[in-house]
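K.L.:
If it helps, the file is called data25.cif and holds mmCIF, C-alpha atoms:
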```cif
data_final
loop_
_atom_site.group_PDB
_atom_site.id
_atom_site.type_symbol
_atom_site.label_atom_id
_atom_site.label_comp_id
_atom_site.auth_asym_id
_atom_site.auth_seq_id
_atom_site.Cartn_x
_atom_site.Cartn_y
_atom_site.Cartn_z
ATOM 1 C CA MET A 20 115.864 99.726 84.497
ATOM 2 C CA ALA A 21 113.663 102.527 83.118
ATOM 3 C CA THR A 22 113.340 102.820 79.358
ATOM 4 C CA ALA A 23 112.285 105.562 76.958
ATOM 5 C CA THR A 24 108.869 103.890 76.796
ATOM 6 C CA ASP A 25 108.496 104.381 80.553
ATOM 7 C CA MET A 26 109.182 108.079 80.073
ATOM 8 C CA GLN A 27 106.169 108.389 77.733
ATOM 9 C CA ARG A 28 103.902 108.106 80.791
ATOM 10 C CA PRO A 29 102.859 111.600 81.912
ATOM 11 C CA ILE A 30 104.799 112.216 85.121
ATOM 12 C CA GLY A 31 104.142 115.959 85.426
ATOM 13 C CA PRO A 32 101.063 115.692 87.668
ATOM 14 C CA ARG A 33 102.853 113.117 89.862
ATOM 15 C CA VAL A 34 105.936 115.332 90.222
ATOM 16 C CA ARG A 35 103.743 118.276 91.207
ATOM 17 C CA ALA A 36 101.666 116.254 93.691
ATOM 18 C CA LEU A 37 104.764 114.786 95.332
ATOM 19 C CA ARG A 38 106.481 118.180 95.463
ATOM 20 C CA GLU A 39 103.436 119.814 97.067
ATOM 21 C CA ALA A 40 103.001 116.909 99.505
ATOM 22 C CA MET A 41 106.563 117.559 100.657
ATOM 23 C CA ASP A 42 105.748 121.283 100.967
ATOM 24 C CA LEU A 43 108.452 122.181 98.430
ATOM 25 C CA SER A 44 108.380 125.143 96.055
ATOM 26 C CA LEU A 45 109.688 124.755 92.509
ATOM 27 C CA ARG A 46 112.822 126.569 93.655
ATOM 28 C CA ASP A 47 113.221 124.148 96.597
ATOM 29 C CA LEU A 48 112.965 121.125 94.302
ATOM 30 C CA ALA A 49 115.358 122.770 91.821
ATOM 31 C CA GLU A 50 117.952 123.118 94.592
ATOM 32 C CA ARG A 51 117.432 119.545 95.806
ATOM 33 C CA SER A 52 117.515 117.984 92.320
ATOM 34 C CA GLY A 53 119.855 120.187 90.299
ATOM 35 C CA VAL A 54 117.111 120.612 87.662
ATOM 36 C CA SER A 55 116.184 124.234 86.910
ATOM 37 C CA ALA A 56 112.873 125.604 88.173
ATOM 38 C CA PRO A 57 111.728 126.528 84.613
ATOM 39 C CA MET A 58 112.429 122.951 83.450
ATOM 40 C CA LEU A 59 110.545 121.535 86.459
ATOM 41 C CA SER A 60 107.616 123.825 85.699
ATOM 42 C CA GLN A 61 107.525 122.627 82.070
ATOM 43 C CA VAL A 62 107.623 118.987 83.204
ATOM 44 C CA GLU A 63 104.805 119.539 85.723
ATOM 45 C CA ARG A 64 102.618 121.224 83.076
ATOM 46 C CA GLY A 65 103.300 118.408 80.599
ATOM 47 C CA GLU A 66 104.975 120.776 78.126
ATOM 48 C CA THR A 67 108.080 118.600 77.976
ATOM 49 C CA SER A 68 109.070 115.072 78.887
ATOM 50 C CA PRO A 69 112.298 114.815 80.870
ATOM 51 C CA THR A 70 115.163 112.649 79.713
ATOM 52 C CA LEU A 71 115.926 109.635 81.882
ATOM 53 C CA ALA A 72 118.858 111.502 83.434
ATOM 54 C CA VAL A 73 116.688 114.515 84.314
ATOM 55 C CA ALA A 74 113.883 112.294 85.635
ATOM 56 C CA GLU A 75 116.409 110.483 87.818
ATOM 57 C CA ARG A 76 117.586 113.812 89.280
ATOM 58 C CA ILE A 77 113.962 114.881 89.909
ATOM 59 C CA ALA A 78 113.308 111.553 91.661
ATOM 60 C CA ALA A 79 116.386 112.044 93.852
ATOM 61 C CA GLY A 80 115.174 115.555 94.748
ATOM 62 C CA LEU A 81 111.893 113.957 95.898
ATOM 63 C CA ASP A 82 113.770 111.299 97.939
ATOM 64 C CA LEU A 83 112.607 108.558 95.556
ATOM 65 C CA ARG A 84 114.219 106.081 93.207
ATOM 66 C CA LEU A 85 113.464 106.619 89.515
ATOM 67 C CA SER A 86 111.386 103.415 89.510
ATOM 68 C CA GLN A 87 109.256 104.852 92.329
ATOM 69 C CA LEU A 88 108.697 108.144 90.517
ATOM 70 C CA LEU A 89 107.673 106.272 87.381
ATOM 71 C CA ARG A 90 105.624 103.797 89.449
ATOM 72 C CA LEU A 91 107.495 100.836 87.978
ATOM 73 C CA ASP A 92 107.570 99.193 91.422
ATOM 74 C CA GLU A 93 103.794 99.181 91.684
ATOM 75 C CA GLY A 94 102.897 96.637 88.998
ATOM 76 C CA GLY A 95 99.771 98.427 87.774
ATOM 77 C CA THR A 96 97.249 101.007 88.872
ATOM 78 C CA VAL A 97 95.214 98.742 91.152
ATOM 79 C CA SER A 98 96.642 97.028 94.230
ATOM 80 C CA VAL A 99 94.457 94.574 96.122
ATOM 81 C CA VAL A 100 95.283 93.580 99.687
ATOM 82 C CA ARG A 101 93.487 90.329 100.439
ATOM 83 C CA ALA A 102 92.206 89.736 103.964
ATOM 84 C CA ALA A 103 94.884 87.088 104.527
ATOM 85 C CA GLY A 104 97.599 89.470 103.287
ATOM 86 C CA ARG A 105 97.054 92.289 105.774
ATOM 87 C CA ARG A 106 100.102 93.316 107.819
ATOM 88 C CA ALA A 107 99.269 92.782 111.499
ATOM 89 C CA GLY A 108 100.761 94.316 114.605
ATOM 90 C CA GLY A 109 100.121 95.287 118.188
ATOM 91 C CA SER A 110 99.863 92.944 121.130
ATOM 92 C CA SER A 111 96.969 90.740 122.180
ATOM 93 C CA ALA A 112 98.454 90.670 125.687
ATOM 94 C CA ARG A 113 98.197 94.477 125.887
ATOM 95 C CA GLY A 114 94.748 94.482 124.271
ATOM 96 C CA HIS A 115 95.551 96.404 121.079
ATOM 97 C CA ARG A 116 95.745 94.677 117.714
ATOM 98 C CA TYR A 117 95.860 96.378 114.333
ATOM 99 C CA GLU A 118 96.029 95.531 110.644
ATOM 100 C CA ILE A 119 97.376 97.749 107.857
ATOM 101 C CA LEU A 120 94.857 97.595 105.012
ATOM 102 C CA THR A 121 96.864 99.497 102.393
ATOM 103 C CA PRO A 122 99.680 97.896 100.390
ATOM 104 C CA PRO A 123 103.312 98.781 101.146
ATOM 105 C CA LEU A 124 103.772 100.838 97.966
ATOM 106 C CA PRO A 125 106.652 103.265 97.523
ATOM 107 C CA GLY A 126 105.598 106.901 97.796
ATOM 108 C CA LEU A 127 102.184 106.057 99.261
ATOM 109 C CA ARG A 128 101.061 109.160 101.170
ATOM 110 C CA ALA A 129 98.145 107.656 103.098
ATOM 111 C CA GLU A 130 97.726 104.525 105.182
ATOM 112 C CA VAL A 131 94.498 102.826 106.245
ATOM 113 C CA SER A 132 94.485 100.613 109.327
ATOM 114 C CA ARG A 133 91.894 98.747 111.413
ATOM 115 C CA HIS A 134 92.330 98.662 115.186
ATOM 116 C CA ALA A 135 90.738 96.443 117.837
ATOM 117 C CA LEU A 136 90.937 97.524 121.480
ATOM 118 C CA ALA A 137 90.014 95.218 124.355
ATOM 119 C CA PRO A 138 88.158 96.784 127.318
ATOM 120 C CA GLY A 139 90.566 99.101 129.144
ATOM 121 C CA ALA A 140 93.251 98.895 126.421
ATOM 122 C CA ALA A 141 94.925 101.823 124.684
ATOM 123 C CA THR A 142 97.097 102.451 121.619
ATOM 124 C CA GLY A 143 100.508 104.039 121.776
ATOM 125 C CA GLY A 144 102.577 101.519 123.715
ATOM 126 C CA PRO A 145 105.628 99.470 122.738
ATOM 127 C CA GLY A 146 105.114 97.737 119.384
ATOM 128 C CA ASP A 147 102.451 100.192 118.228
ATOM 129 C CA PRO A 148 102.976 102.331 115.115
ATOM 130 C CA PRO A 149 105.367 105.256 115.702
ATOM 131 C CA MET A 150 104.353 108.914 116.014
ATOM 132 C CA HIS A 151 103.388 110.327 112.630
ATOM 133 C CA GLU A 152 105.570 112.728 110.654
ATOM 134 C CA PRO A 153 105.100 116.529 110.825
ATOM 135 C CA GLY A 154 102.002 117.747 109.009
ATOM 136 C CA SER A 155 100.205 114.379 109.199
ATOM 137 C CA ARG A 156 96.423 114.317 109.572
ATOM 138 C CA GLU A 157 94.408 111.354 110.797
ATOM 139 C CA THR A 158 90.748 110.506 110.370
ATOM 140 C CA ALA A 159 89.276 107.697 112.480
ATOM 141 C CA VAL A 160 85.824 106.118 112.304
ATOM 142 C CA VAL A 161 84.548 104.046 115.219
ATOM 143 C CA GLU A 162 82.987 100.846 113.913
ATOM 144 C CA ARG A 163 81.930 99.295 117.214
ATOM 145 C CA GLY A 164 81.994 100.188 120.891
ATOM 146 C CA THR A 165 83.131 103.346 122.663
ATOM 147 C CA VAL A 166 86.528 104.933 122.107
ATOM 148 C CA ALA A 167 88.198 107.909 123.742
ATOM 149 C CA LEU A 168 90.699 109.878 121.679
ATOM 150 C CA VAL A 169 93.240 111.838 123.707
ATOM 151 C CA VAL A 170 95.016 114.467 121.572
ATOM 152 C CA ASP A 171 97.580 116.775 123.143
ATOM 153 C CA GLY A 172 95.986 116.160 126.562
ATOM 154 C CA GLU A 173 92.384 116.807 125.425
ATOM 155 C CA ARG A 174 89.897 113.889 125.643
ATOM 156 C CA HIS A 175 87.140 113.237 123.079
ATOM 157 C CA GLU A 176 84.520 110.496 123.607
ATOM 158 C CA LEU A 177 83.446 108.675 120.416
ATOM 159 C CA ARG A 178 80.762 106.066 119.812
ATOM 160 C CA ALA A 179 80.017 103.682 116.939
ATOM 161 C CA GLY A 180 79.545 105.669 113.725
ATOM 162 C CA ASP A 181 81.403 108.761 114.990
ATOM 163 C CA ALA A 182 84.337 110.078 112.952
ATOM 164 C CA VAL A 183 87.121 112.419 114.004
ATOM 165 C CA THR A 184 89.930 114.194 112.135
ATOM 166 C CA PHE A 185 92.949 115.626 113.938
ATOM 167 C CA ASP A 186 96.598 116.635 113.631
ATOM 168 C CA ALA A 187 98.346 113.279 113.973
ATOM 169 C CA ASP A 188 101.753 114.819 114.622
ATOM 170 C CA LEU A 189 100.534 115.823 118.100
ATOM 171 C CA PRO A 190 100.837 113.331 120.989
ATOM 172 C CA HIS A 191 97.715 111.151 120.831
ATOM 173 C CA HIS A 192 96.262 107.755 121.625
ATOM 174 C CA PHE A 193 92.946 105.898 121.601
ATOM 175 C CA GLU A 194 91.489 104.188 124.694
ATOM 176 C CA ASN A 195 88.602 101.792 125.168
ATOM 177 C CA PRO A 196 86.723 102.824 128.345
ATOM 178 C CA GLY A 197 83.876 100.398 127.587
ATOM 179 C CA GLU A 198 83.163 96.857 128.707
ATOM 180 C CA GLU A 199 83.347 95.256 125.243
ATOM 181 C CA GLU A 200 85.892 95.261 122.424
ATOM 182 C CA ALA A 201 85.948 98.445 120.322
ATOM 183 C CA THR A 202 87.056 98.656 116.685
ATOM 184 C CA LEU A 203 87.961 101.635 114.543
ATOM 185 C CA LEU A 204 89.318 102.418 111.102
ATOM 186 C CA ALA A 205 92.070 105.032 110.818
ATOM 187 C CA VAL A 206 93.401 106.864 107.764
ATOM 188 C CA VAL A 207 96.660 108.764 108.126
ATOM 189 C CA ALA A 208 97.603 111.243 105.394
ATOM 190 C CA ALA A 209 101.302 111.719 105.966
ATOM 191 C CA GLY A 210 103.062 115.023 105.747
ATOM 192 C CA LEU A 211 100.535 116.861 103.625
ATOM 193 C CA ARG A 212 100.517 120.638 103.675
ATOM 194 C CA ARG A 213 97.861 122.246 105.790
ATOM 195 C CA SER A 214 96.074 124.976 103.886
#
```
Write out the structure in this file as structure tokens.
P.N.:
Amino acid sequence: MATATDMQRPIGPRVRALREAMDLSLRDLAERSGVSAPMLSQVERGETSPTLAVAERIAAGLDLRLSQLLRLDEGGTVSVVRAAGRRAGGSSARGHRYEILTPPLPGLRAEVSRHALAPGAATGGPGDPPMHEPGSRETAVVERGTVALVVDGERHELRAGDAVTFDADLPHHFENPGEEEATLLAVVAAGLRRS
């Protein structure tokens, strides 16, 4: 349960960042939350601190719980994911394994993952992460081997050390055309506005 002490944390910059990440205007958030646009503007600029009831309505307008808006679920400002605590997925039988390197925090707008592709393997099959939400961008860095990125039917050959950034809401997958395992790191920034 949030307390008045929790409300002393400056939430204005967080409200603004979350609103902009969702591509919402102040008026849009006012309609979704039932909090007036002038009040939202004052909160974002740090001119006023919202009551718990108002903060709860703002959180609901951002599709969050109050504890998520206030970051009470996060247990501090630093989250360490130990090597043994990485969330793994993919299929060794299909030749694609991956690990999520970022913690499963509420409201996290970016995810970092490490992928290993056996020779001839590709991402994007059953059990692989789903297509990314509209507006997502992905940056991938090839650590080892050769990787082909196919985005919206266009093929791009990448070698160790190469990096690529693309619209991740388009149909895409990575392939390993080489004769040895290839690894890459991927960062997906979900649903951010393109400007």
K.L.:
Kindly give the distance, in Å, that separates CA of Pro190 (chain A) and CA of Asp171 (chain A), rounded to a single decimal.
P.N.:
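Going from CA of Pro190 (chain A) over to CA of Asp171 (chain A), I get 5.2 Å.
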K.L.:
I'd like the interatomic distance between CA of Met58 (chain A) and CA of Pro153 (chain A), to a tenth of an Å.
P.N.:
29.1 Å
K.L.:
I want to know what sits within 9 Å of region 113-130 of chain A, based on only C-alpha atoms, with residues of the same chain fewer than 3 positions away left out; could you give that as number ranges by chain?
P.N.:
A: 37, 40, 83, 87-88, 90, 92-93, 98-102, 104-110, 133-142, 144, 147, 205-211
K.L.:
In Å, how far is it from CA of Ser68 (chain A) to CA of Asp42 (chain A)?
P.N.:
23.2 Å
K.L.:
Go ahead and fit an axis-aligned box to every listed atom of region 70-76 of chain A plus 6 Å each side, and pass me the centre and edge lengths in Å, one decimal, as AutoDock Vina command-line options.
P.N.:
```
--center_x 116.4 --center_y 112.1 --center_z 84.5 --size_x 17.0 --size_y 16.9 --size_z 21.6
```
K.L.:
Once the PyMOL selection byres ((chain A and resi 173-181) around 6) has been applied to the shown file, what residues remain in the selection, as number ranges by chain?
P.N.:
A: 160-172, 182
K.L.:
Compare A:Ala187, A:Leu204, A:Leu59, A:Leu43 by their minimum atom-to-atom distance to Ile77 (chain A), counting all atoms listed in the file, and give me the closest one.
P.N.:
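Ranked by minimum distance to Ile77 (chain A), first place goes to A:Leu59.
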K.L.:
Selection in question (the file shown): the PyMOL selection byres ((chain A and resi 78) around 12). Which residues does it include, as a PyMOL selection string?
P.N.:
chain A and resi 30-31+33-35+37-38+48-49+51-54+59+69+71-77+79-90+126
